[in-house]
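The next block is structure-v1.pdb, given as PDB, C-alpha atoms.
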```pdb
ATOM      1  CA  MET V 362       5.024   5.002  -2.074
ATOM      2  CA  THR V 363       7.010   6.152  -5.046
ATOM      3  CA  ASP V 364       9.221   9.216  -5.248
ATOM      4  CA  PRO V 365       9.210  10.838  -8.690
ATOM      5  CA  ASP V 366      12.306  12.823  -7.683
ATOM      6  CA  SER V 367      14.366   9.644  -7.527
ATOM      7  CA  ASP V 368      15.094   9.888 -11.260
ATOM      8  CA  VAL V 369      17.546  12.757 -11.670
ATOM      9  CA  THR V 370      17.238  12.630 -15.470
ATOM     10  CA  ALA V 371      13.635  13.777 -15.115
ATOM     11  CA  ALA V 372      14.551  16.734 -12.928
ATOM     12  CA  SER V 373      14.195  19.240 -15.758
ATOM     13  CA  LEU V 374      10.609  18.204 -16.555
ATOM     14  CA  ASP V 375       7.605  19.903 -15.017
ATOM     15  CA  PRO V 376       6.223  18.159 -11.913
ATOM     16  CA  GLU V 377       3.123  16.807 -13.625
ATOM     17  CA  GLU V 378       5.132  15.218 -16.437
ATOM     18  CA  ARG V 379       7.683  13.842 -13.975
ATOM     19  CA  ARG V 380       4.890  12.226 -11.969
ATOM     20  CA  ARG V 381       3.331  10.790 -15.109
ATOM     21  CA  GLN V 382       6.639   9.279 -16.175
ATOM     22  CA  ALA V 383       7.327   7.977 -12.680
ATOM     23  CA  VAL V 384       3.926   6.276 -12.565
ATOM     24  CA  ALA V 385       4.582   4.725 -15.972
ATOM     25  CA  ARG V 386       7.910   3.344 -14.750
ATOM     26  CA  VAL V 387       6.360   1.960 -11.581
ATOM     27  CA  MET V 388       3.385   0.454 -13.391
ATOM     28  CA  ASP V 389       5.665  -1.342 -15.844
ATOM     29  CA  ASP V 390       6.476  -3.658 -12.941
ATOM     30  CA  TYR V 391       2.822  -4.745 -12.602
ATOM     31  CA  ALA V 392       0.882  -7.320 -14.596
ATOM     32  CA  ASP V 393      -2.209  -5.996 -16.372
ATOM     33  CA  GLU V 394      -4.505  -7.909 -14.020
ATOM     34  CA  ALA V 395      -2.568  -7.031 -10.855
ATOM     35  CA  VAL V 396      -4.379  -6.607  -7.545
ATOM     36  CA  VAL V 397      -3.278  -4.300  -4.730
ATOM     37  CA  ASN V 398      -4.775  -4.817  -1.284
ATOM     38  CA  ASP V 399      -4.321  -1.563   0.656
ATOM     39  CA  PRO V 400      -5.988  -1.024   4.046
ATOM     40  CA  LEU V 401      -6.668   2.605   3.132
ATOM     41  CA  PHE V 402      -9.291   1.408   0.678
ATOM     42  CA  ALA V 403     -12.266  -0.800   1.278
ATOM     43  CA  LYS V 404     -11.833  -2.868  -1.845
ATOM     44  CA  PRO V 405      -8.799  -4.202  -3.703
ATOM     45  CA  LEU V 406      -7.400  -2.008  -6.465
ATOM     46  CA  VAL V 407      -7.687  -4.171  -9.548
ATOM     47  CA  GLY V 408      -5.801  -3.516 -12.778
ATOM     48  CA  LYS V 409      -3.189  -1.021 -13.828
ATOM     49  CA  PRO V 410      -5.513   2.013 -14.194
ATOM     50  CA  ALA V 411      -6.781   1.801 -10.609
ATOM     51  CA  ILE V 412      -3.331   1.047  -9.194
ATOM     52  CA  GLY V 413      -1.663   3.755 -11.264
ATOM     53  CA  THR V 414      -4.263   6.306 -10.183
ATOM     54  CA  HIS V 415      -3.461   5.584  -6.543
ATOM     55  CA  LYS V 416       0.303   5.751  -7.148
ATOM     56  CA  LEU V 417      -0.206   9.127  -8.805
ATOM     57  CA  ALA V 418      -2.338  10.345  -5.910
ATOM     58  CA  GLU V 419       0.458   9.367  -3.505
ATOM     59  CA  MET V 420       3.012  11.212  -5.602
ATOM     60  CA  ILE V 421       0.841  14.343  -5.676
ATOM     61  CA  ALA V 422       0.313  14.212  -1.912
ATOM     62  CA  ILE V 423       3.649  13.115  -0.459
ATOM     63  CA  SER V 424       7.094  14.558  -1.152
ATOM     64  CA  ASP V 425      10.579  13.996   0.293
ATOM     65  CA  ILE V 426       9.798  10.321   0.722
ATOM     66  CA  LYS V 427      12.323   8.248   2.626
ATOM     67  CA  PHE V 428      11.818   4.505   2.561
ATOM     68  CA  ASP V 429      13.602   2.321   5.113
ATOM     69  CA  VAL V 430      13.220  -1.361   4.281
ATOM     70  CA  GLY V 431      13.911  -3.586   7.265
ATOM     71  CA  ASP V 432      13.694  -7.358   7.209
ATOM     72  CA  ARG V 433      13.044  -8.797   3.794
ATOM     73  CA  TRP V 434      12.679 -12.443   2.796
ATOM     74  CA  GLU V 435      11.520 -14.524  -0.141
ATOM     75  CA  ASP V 436       9.353 -17.606  -0.320
ATOM     76  CA  GLY V 437       8.835 -18.962  -3.819
ATOM     77  CA  ASN V 438       7.309 -16.220  -5.954
ATOM     78  CA  LYS V 439       6.591 -14.019  -2.925
ATOM     79  CA  VAL V 440       8.707 -11.318  -1.338
ATOM     80  CA  PHE V 441       7.957 -10.136   2.176
ATOM     81  CA  ALA V 442       9.274  -6.868   3.555
ATOM     82  CA  ASN V 443       8.877  -4.741   6.654
ATOM     83  CA  TRP V 444       9.310  -1.012   6.112
ATOM     84  CA  LYS V 445       9.139   2.468   7.561
ATOM     85  CA  VAL V 446       8.421   5.510   5.458
ATOM     86  CA  THR V 447       8.518   9.227   6.099
ATOM     87  CA  GLY V 448       7.488  12.065   3.827
ATOM     88  CA  MET V 449       5.931  15.503   3.732
ATOM     89  CA  HIS V 450       2.197  15.791   3.125
ATOM     90  CA  SER V 451       2.781  18.711   0.778
ATOM     91  CA  GLY V 452      -0.030  18.166  -1.721
ATOM     92  CA  PRO V 453      -3.687  17.122  -1.680
ATOM     93  CA  PHE V 454      -4.486  13.454  -1.283
ATOM     94  CA  TYR V 455      -7.690  13.051  -3.267
ATOM     95  CA  ASP V 456     -10.092  15.349  -1.407
ATOM     96  CA  LEU V 457      -7.833  15.866   1.616
ATOM     97  CA  PRO V 458      -5.809  19.091   1.474
ATOM     98  CA  ALA V 459      -2.092  19.203   2.241
ATOM     99  CA  THR V 460      -1.234  19.545   5.928
ATOM    100  CA  ASP V 461       2.439  20.419   5.307
ATOM    101  CA  LYS V 462       3.235  18.043   8.130
ATOM    102  CA  GLU V 463       5.512  15.026   8.141
ATOM    103  CA  ILE V 464       3.909  11.656   7.560
ATOM    104  CA  PHE V 465       5.334   8.580   9.276
ATOM    105  CA  LEU V 466       4.154   5.080   8.606
ATOM    106  CA  GLU V 467       5.422   1.594   9.264
ATOM    107  CA  GLY V 468       4.112  -1.654   7.943
ATOM    108  CA  SER V 469       4.722  -4.715   5.831
ATOM    109  CA  THR V 470       4.140  -5.766   2.251
ATOM    110  CA  VAL V 471       3.779  -9.079   0.464
ATOM    111  CA  VAL V 472       4.481  -8.982  -3.261
ATOM    112  CA  THR V 473       3.626 -11.924  -5.517
ATOM    113  CA  ARG V 474       5.097 -12.106  -9.013
ATOM    114  CA  ASN V 475       4.120 -14.251 -11.987
ATOM    115  CA  ASP V 476       6.467 -16.297 -14.158
ATOM    116  CA  GLU V 477       7.278 -13.184 -16.200
ATOM    117  CA  GLY V 478       8.400 -11.388 -13.056
ATOM    118  CA  LYS V 479       5.465  -8.988 -13.035
ATOM    119  CA  ILE V 480       3.616  -8.168  -9.828
ATOM    120  CA  VAL V 481       0.246  -9.914  -9.756
ATOM    121  CA  GLU V 482      -0.641  -9.173  -6.141
ATOM    122  CA  GLU V 483       0.601  -6.671  -3.583
ATOM    123  CA  THR V 484      -0.813  -6.730  -0.083
ATOM    124  CA  LEU V 485       0.015  -4.009   2.412
ATOM    125  CA  PHE V 486      -0.410  -4.172   6.163
ATOM    126  CA  TYR V 487      -0.261  -0.922   8.129
ATOM    127  CA  ASP V 488      -2.396   1.177  10.440
ATOM    128  CA  ALA V 489      -4.708   2.897   7.959
ATOM    129  CA  ASP V 490      -6.570   4.718  10.740
ATOM    130  CA  ASP V 491      -3.288   6.334  11.784
ATOM    131  CA  MET V 492      -2.539   7.195   8.155
ATOM    132  CA  ARG V 493      -5.973   8.847   7.802
ATOM    133  CA  ARG V 494      -5.382  10.814  11.001
ATOM    134  CA  GLN V 495      -2.090  12.102   9.657
ATOM    135  CA  LEU V 496      -3.524  12.934   6.244
ATOM    136  CA  GLU V 497      -6.365  14.828   7.896
ATOM    137  CA  GLY V 498      -3.913  16.697  10.143
ATOM    138  CA  ARG V 499      -5.305  15.189  13.330
ATOM    139  CA  GLN V 500      -3.129  14.047  16.231
TER     140      GLN V 500
ATOM    141  CA  MET Q1100      -3.688 -26.912  12.456
ATOM    142  CA  SER Q1101       0.087 -27.443  12.514
ATOM    143  CA  ALA Q1102       2.494 -24.773  11.344
ATOM    144  CA  GLU Q1103       4.134 -27.253   8.980
ATOM    145  CA  ALA Q1104       0.832 -27.782   7.168
ATOM    146  CA  LEU Q1105       0.284 -24.086   6.619
ATOM    147  CA  SER Q1106       1.374 -22.082   3.633
ATOM    148  CA  VAL Q1107       2.196 -18.499   4.520
ATOM    149  CA  ASP Q1108      -0.920 -17.340   2.640
ATOM    150  CA  ALA Q1109      -3.083 -19.721   4.644
ATOM    151  CA  ALA Q1110      -1.388 -18.715   7.872
ATOM    152  CA  ILE Q1111      -1.927 -15.001   7.208
ATOM    153  CA  SER Q1112      -5.561 -15.338   6.190
ATOM    154  CA  GLY Q1113      -6.182 -17.810   9.024
ATOM    155  CA  TYR Q1114      -4.629 -15.453  11.545
ATOM    156  CA  ARG Q1115      -6.766 -12.570  10.314
ATOM    157  CA  GLU Q1116      -9.833 -14.752  10.705
ATOM    158  CA  ALA Q1117      -8.719 -15.777  14.212
ATOM    159  CA  LYS Q1118      -8.368 -19.398  13.123
ATOM    160  CA  VAL Q1119      -4.582 -19.463  13.423
ATOM    161  CA  SER Q1120      -2.609 -18.407  16.497
ATOM    162  CA  LYS Q1121       0.112 -15.776  16.516
ATOM    163  CA  GLY Q1122       2.641 -18.499  17.293
ATOM    164  CA  GLN Q1123       1.519 -20.564  14.302
ATOM    165  CA  LEU Q1124       1.766 -17.533  12.023
ATOM    166  CA  ILE Q1125       5.248 -16.679  13.302
ATOM    167  CA  ALA Q1126       6.256 -20.300  12.794
ATOM    168  CA  ALA Q1127       4.968 -20.266   9.211
ATOM    169  CA  LEU Q1128       6.751 -16.989   8.482
ATOM    170  CA  THR Q1129       9.965 -18.310  10.006
ATOM    171  CA  LEU Q1130       9.755 -21.472   7.921
ATOM    172  CA  ALA Q1131       9.335 -19.219   4.879
ATOM    173  CA  GLY Q1132      12.610 -17.476   5.668
ATOM    174  CA  ALA Q1133      11.799 -14.686   8.106
ATOM    175  CA  THR Q1134      13.995 -13.986  11.094
ATOM    176  CA  ALA Q1135      12.279 -14.036  14.466
ATOM    177  CA  VAL Q1136      12.452 -10.248  14.601
ATOM    178  CA  GLY Q1137      11.179  -9.917  11.027
ATOM    179  CA  ALA Q1138       8.296 -12.288  11.653
ATOM    180  CA  ALA Q1139       7.320 -10.454  14.839
ATOM    181  CA  ALA Q1140       7.353  -7.091  13.049
ATOM    182  CA  PHE Q1141       5.314  -8.553  10.205
ATOM    183  CA  VAL Q1142       2.689  -9.852  12.632
ATOM    184  CA  SER Q1143       2.633  -6.456  14.340
ATOM    185  CA  SER Q1144       1.852  -4.866  10.964
ATOM    186  CA  ILE Q1145      -1.017  -7.295  10.437
ATOM    187  CA  ASP Q1146      -2.323  -6.540  13.940
ATOM    188  CA  SER Q1147      -2.406  -2.818  13.183
ATOM    189  CA  SER Q1148      -3.932  -3.281   9.730
ATOM    190  CA  HIS Q1149      -7.585  -3.983  10.337
ATOM    191  CA  GLY Q1150      -8.803  -2.890   6.937
ATOM    192  CA  THR Q1151      -6.507  -4.569   4.436
ATOM    193  CA  PRO Q1152      -8.851  -6.064   1.848
ATOM    194  CA  THR Q1153      -8.248  -9.617   0.850
ATOM    195  CA  GLY Q1154      -7.731  -9.874  -2.865
ATOM    196  CA  PRO Q1155      -8.968 -12.686  -5.066
ATOM    197  CA  ALA Q1156      -5.635 -14.492  -4.923
ATOM    198  CA  ALA Q1157      -5.725 -14.673  -1.144
ATOM    199  CA  GLY Q1158      -9.180 -16.181  -1.269
ATOM    200  CA  SER Q1159     -11.007 -14.839   1.776
ATOM    201  CA  SER Q1160     -14.373 -13.128   1.641
ATOM    202  CA  HIS Q1161     -14.869 -12.821   5.366
ATOM    203  CA  VAL Q1162     -12.963  -9.665   6.126
ATOM    204  CA  LYS Q1163     -15.388  -6.883   6.927
ATOM    205  CA  GLN Q1164     -14.449  -3.554   5.454
ATOM    206  CA  VAL Q1165     -15.135  -0.197   7.017
ATOM    207  CA  GLU Q1166     -16.006   2.599   4.655
ATOM    208  CA  SER Q1167     -14.505   6.005   5.389
ATOM    209  CA  SER Q1168     -14.468   9.340   3.672
ATOM    210  CA  VAL Q1169     -11.353   8.227   1.847
ATOM    211  CA  THR Q1170     -12.729   4.839   0.924
ATOM    212  CA  SER Q1171     -16.224   5.762  -0.141
ATOM    213  CA  GLN Q1172     -15.480   6.341  -3.825
ATOM    214  CA  SER Q1173     -13.540   4.483  -6.445
ATOM    215  CA  GLN Q1174      -9.961   5.565  -6.914
ATOM    216  CA  VAL Q1175     -10.641   6.891 -10.380
ATOM    217  CA  GLN Q1176     -13.652   8.884  -9.195
ATOM    218  CA  MET Q1177     -11.663  10.395  -6.356
ATOM    219  CA  HIS Q1178      -8.786  11.336  -8.608
ATOM    220  CA  GLU Q1179     -11.133  12.903 -11.141
ATOM    221  CA  GLN Q1180     -12.799  14.849  -8.346
ATOM    222  CA  HIS Q1181      -9.385  15.997  -7.146
ATOM    223  CA  LEU Q1182      -8.483  17.246 -10.624
ATOM    224  CA  GLU Q1183     -11.836  19.043 -10.909
ATOM    225  CA  ASN Q1184     -11.239  20.675  -7.535
ATOM    226  CA  GLN Q1185      -7.788  21.806  -8.605
ATOM    227  CA  ALA Q1186      -9.169  23.245 -11.828
ATOM    228  CA  ALA Q1187     -11.826  25.079  -9.835
ATOM    229  CA  GLY Q1188      -9.178  26.457  -7.483
ATOM    230  CA  ARG Q1189     -10.547  24.596  -4.492
TER     231      ARG Q1189
END
```

Can you present the structure in this file as structure tokens?
Amino acid sequence: MTDPDSDVTAASLDPEERRRQAVARVMDDYADEAVVNDPLFAKPLVGKPAIGTHKLAEMIAISDIKFDVGDRWEDGNKVFANWKVTGMHSGPFYDLPATDKEIFLEGSTVVTRNDEGKIVEETLFYDADDMRRQLEGRQ
Amino acid sequence: MSAEALSVDAAISGYREAKVSKGQLIAALTLAGATAVGAAAFVSSIDSSHGTPTGPAAGSSHVKQVESSVTSQSQVQMHEQHLENQAAGR
């Protein structure tokens, strides 16, 4: 997840423009043909438009994001990391309305970069059923 | 299949297909630089993540995906629908 509020220089912009700029910054780290494997979605997100759309949806839905990266290690062009994230579900996530409840998630990510240092593949492992329950405001 | 012969990619996809044991996966992750605690937490994440699709680079086509209300449309379609809903005040 990406927090558009992390850039204090953008604080004076309206939220929509701040999100757009934050997505652009995040997507600059991805190769054009990048693939994101996210258990929340049945198929891989392929290419910057699909990935950027999902990043934007996360930014619209979740605020006050706190990312705690635990163990992290590298193997060749891959970086592995375990993480925990909290945030407030303060906006709609696609067709799911805001619950105004805290979201908590823990999982792991594998990021693979190409020779230019751009992300070509990002695979996330976390309990997507639990995430859906939280986004839908269920226990 | 020995842990030494496994790349981490192969170990992860093999574990998800029940062809590689948890011990072999932890061994492969540890050889790749993970601490024992980090490897165990990583495996726990995989265990809880039943739906992670396997992208082209990872090379598996055997993972069955479960459609849900969130997963039933493309990301672009869902975002466009969200914007339409916002515009309509829904």

Legend entry - Matched chain/residue IDs from the PyMOL selection byres ((chain Q and resi 1145) around 10), as a PyMOL selection string: (chain V and resi 468-470+485-488) or (chain Q and resi 1111+1114-1115+1139-1144+1146-1151)

Inset, instruction - Kindly give the distance, in Å, that separates CA of Lys404 in chain V and CA of Ala459 in chain V, rounded to a single decimal. - result: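 Straight-line distance from CA of Lys404 in chain V to CA of Ala459 in chain V works out to 24.5 Å.
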
Inset, instruction - Restrict the distance test to all atoms listed in the file, flag each residue of chain V within 10 Å of chain Q, and return the flagged residues as a PyMOL selection string. - result: chain V and resi 395-407+410-415+417-418+431-437+439+441-444+453-458+467-471+473+481-491+493

Legend entry - Between CA of Ser424 in chain V and CA of His450 in chain V - distance in Å to one decimal: 6.6 Å

Legend entry - Distance in Å - CA of Val446 in chain V versus CA of Lys427 in chain V: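 Distance between the two atoms: 5.5 Å.
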
Nearby residues (all atoms listed in the file) at most 9 Å from Ala1110 in chain Q, same-chain spacing under 5 positions excluded, as a compact mmCIF listing (two decimals) with C-alpha atoms, keeping the file's coordinate frame:
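And here is the file that came out, around_35.txt:
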```txt
# COMPACT_ATOMS: atom_id res chain seq x y z
CA ALA Q 1102 2.49 -24.77 11.34
CA LEU Q 1105 0.28 -24.09 6.62
CA ARG Q 1115 -6.77 -12.57 10.31
CA LYS Q 1118 -8.37 -19.40 13.12
CA VAL Q 1119 -4.58 -19.46 13.42
CA SER Q 1120 -2.61 -18.41 16.50
CA GLN Q 1123 1.52 -20.56 14.30
CA LEU Q 1124 1.77 -17.53 12.02
CA ILE Q 1125 5.25 -16.68 13.30
CA ALA Q 1127 4.97 -20.27 9.21
CA LEU Q 1128 6.75 -16.99 8.48
```

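Closest approach to Pro376 in chain V among V:Phe428, V:Asp393, V:Ile421, V:Ile480 is made by V:Ile421 (distances from only C-alpha atoms).
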
Which centre and which edge lengths, in Å to one decimal, describe the axis-aligned box that holds all listed atoms of range 1122-1127 of chain Q after 8 Å is added on each side, as AutoDock Vina command-line options?
```
--center_x 3.9 --center_y -18.6 --center_z 13.3 --size_x 20.7 --size_y 19.9 --size_z 24.1
```

Will you model all heavy atoms for range 1134-1145 of chain Q and pass it back as a short mmCIF file (atom, residue, chain, number, x, y, z; two decimals), in the frame of the given file?
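Below is the file part-v4.cif, written as the result:
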```
data_model
loop_
_atom_site.label_atom_id
_atom_site.label_comp_id
_atom_site.auth_asym_id
_atom_site.auth_seq_id
_atom_site.Cartn_x
_atom_site.Cartn_y
_atom_site.Cartn_z
N THR Q 1134 13.35 -13.90 9.79
CA THR Q 1134 14.00 -13.99 11.09
C THR Q 1134 12.91 -13.85 12.15
O THR Q 1134 11.78 -13.43 11.86
CB THR Q 1134 15.01 -12.85 11.27
OG1 THR Q 1134 14.30 -11.60 11.26
CG2 THR Q 1134 16.07 -12.86 10.16
N ALA Q 1135 13.26 -14.17 13.38
CA ALA Q 1135 12.28 -14.04 14.47
C ALA Q 1135 11.83 -12.59 14.60
O ALA Q 1135 10.63 -12.31 14.78
CB ALA Q 1135 12.88 -14.54 15.77
N VAL Q 1136 12.78 -11.67 14.49
CA VAL Q 1136 12.45 -10.25 14.60
C VAL Q 1136 11.59 -9.81 13.42
O VAL Q 1136 10.59 -9.09 13.58
CB VAL Q 1136 13.75 -9.40 14.66
CG1 VAL Q 1136 13.43 -7.91 14.58
CG2 VAL Q 1136 14.51 -9.71 15.94
N GLY Q 1137 11.94 -10.27 12.22
CA GLY Q 1137 11.18 -9.92 11.03
C GLY Q 1137 9.77 -10.45 11.09
O GLY Q 1137 8.81 -9.75 10.73
N ALA Q 1138 9.63 -11.69 11.54
CA ALA Q 1138 8.30 -12.29 11.65
C ALA Q 1138 7.45 -11.54 12.67
O ALA Q 1138 6.26 -11.27 12.43
CB ALA Q 1138 8.42 -13.76 12.03
N ALA Q 1139 8.07 -11.18 13.80
CA ALA Q 1139 7.32 -10.45 14.84
C ALA Q 1139 6.86 -9.09 14.32
O ALA Q 1139 5.72 -8.67 14.57
CB ALA Q 1139 8.19 -10.29 16.09
N ALA Q 1140 7.73 -8.40 13.60
CA ALA Q 1140 7.35 -7.09 13.05
C ALA Q 1140 6.26 -7.24 12.01
O ALA Q 1140 5.33 -6.42 11.93
CB ALA Q 1140 8.58 -6.41 12.43
N PHE Q 1141 6.33 -8.30 11.22
CA PHE Q 1141 5.31 -8.55 10.20
C PHE Q 1141 3.95 -8.78 10.87
O PHE Q 1141 2.94 -8.22 10.44
CB PHE Q 1141 5.72 -9.76 9.36
CG PHE Q 1141 4.87 -9.97 8.15
CD1 PHE Q 1141 5.20 -9.38 6.94
CD2 PHE Q 1141 3.73 -10.76 8.19
CE1 PHE Q 1141 4.42 -9.55 5.81
CE2 PHE Q 1141 2.94 -10.95 7.07
CZ PHE Q 1141 3.28 -10.35 5.88
N VAL Q 1142 3.95 -9.58 11.92
CA VAL Q 1142 2.69 -9.85 12.63
C VAL Q 1142 2.15 -8.56 13.26
O VAL Q 1142 0.94 -8.32 13.25
CB VAL Q 1142 2.89 -10.95 13.70
CG1 VAL Q 1142 1.63 -11.11 14.54
CG2 VAL Q 1142 3.25 -12.26 13.04
N SER Q 1143 3.05 -7.74 13.77
CA SER Q 1143 2.63 -6.46 14.34
C SER Q 1143 1.95 -5.59 13.28
O SER Q 1143 0.95 -4.91 13.56
CB SER Q 1143 3.85 -5.73 14.91
OG SER Q 1143 3.49 -4.46 15.41
N SER Q 1144 2.48 -5.62 12.06
CA SER Q 1144 1.85 -4.87 10.96
C SER Q 1144 0.46 -5.40 10.69
O SER Q 1144 -0.49 -4.62 10.48
CB SER Q 1144 2.71 -4.97 9.69
OG SER Q 1144 3.95 -4.36 9.85
N ILE Q 1145 0.32 -6.71 10.67
CA ILE Q 1145 -1.02 -7.30 10.44
C ILE Q 1145 -1.97 -6.88 11.55
O ILE Q 1145 -3.12 -6.51 11.30
CB ILE Q 1145 -0.93 -8.83 10.33
CG1 ILE Q 1145 -0.14 -9.24 9.10
CG2 ILE Q 1145 -2.33 -9.45 10.30
CD1 ILE Q 1145 0.07 -10.73 8.96
#
```
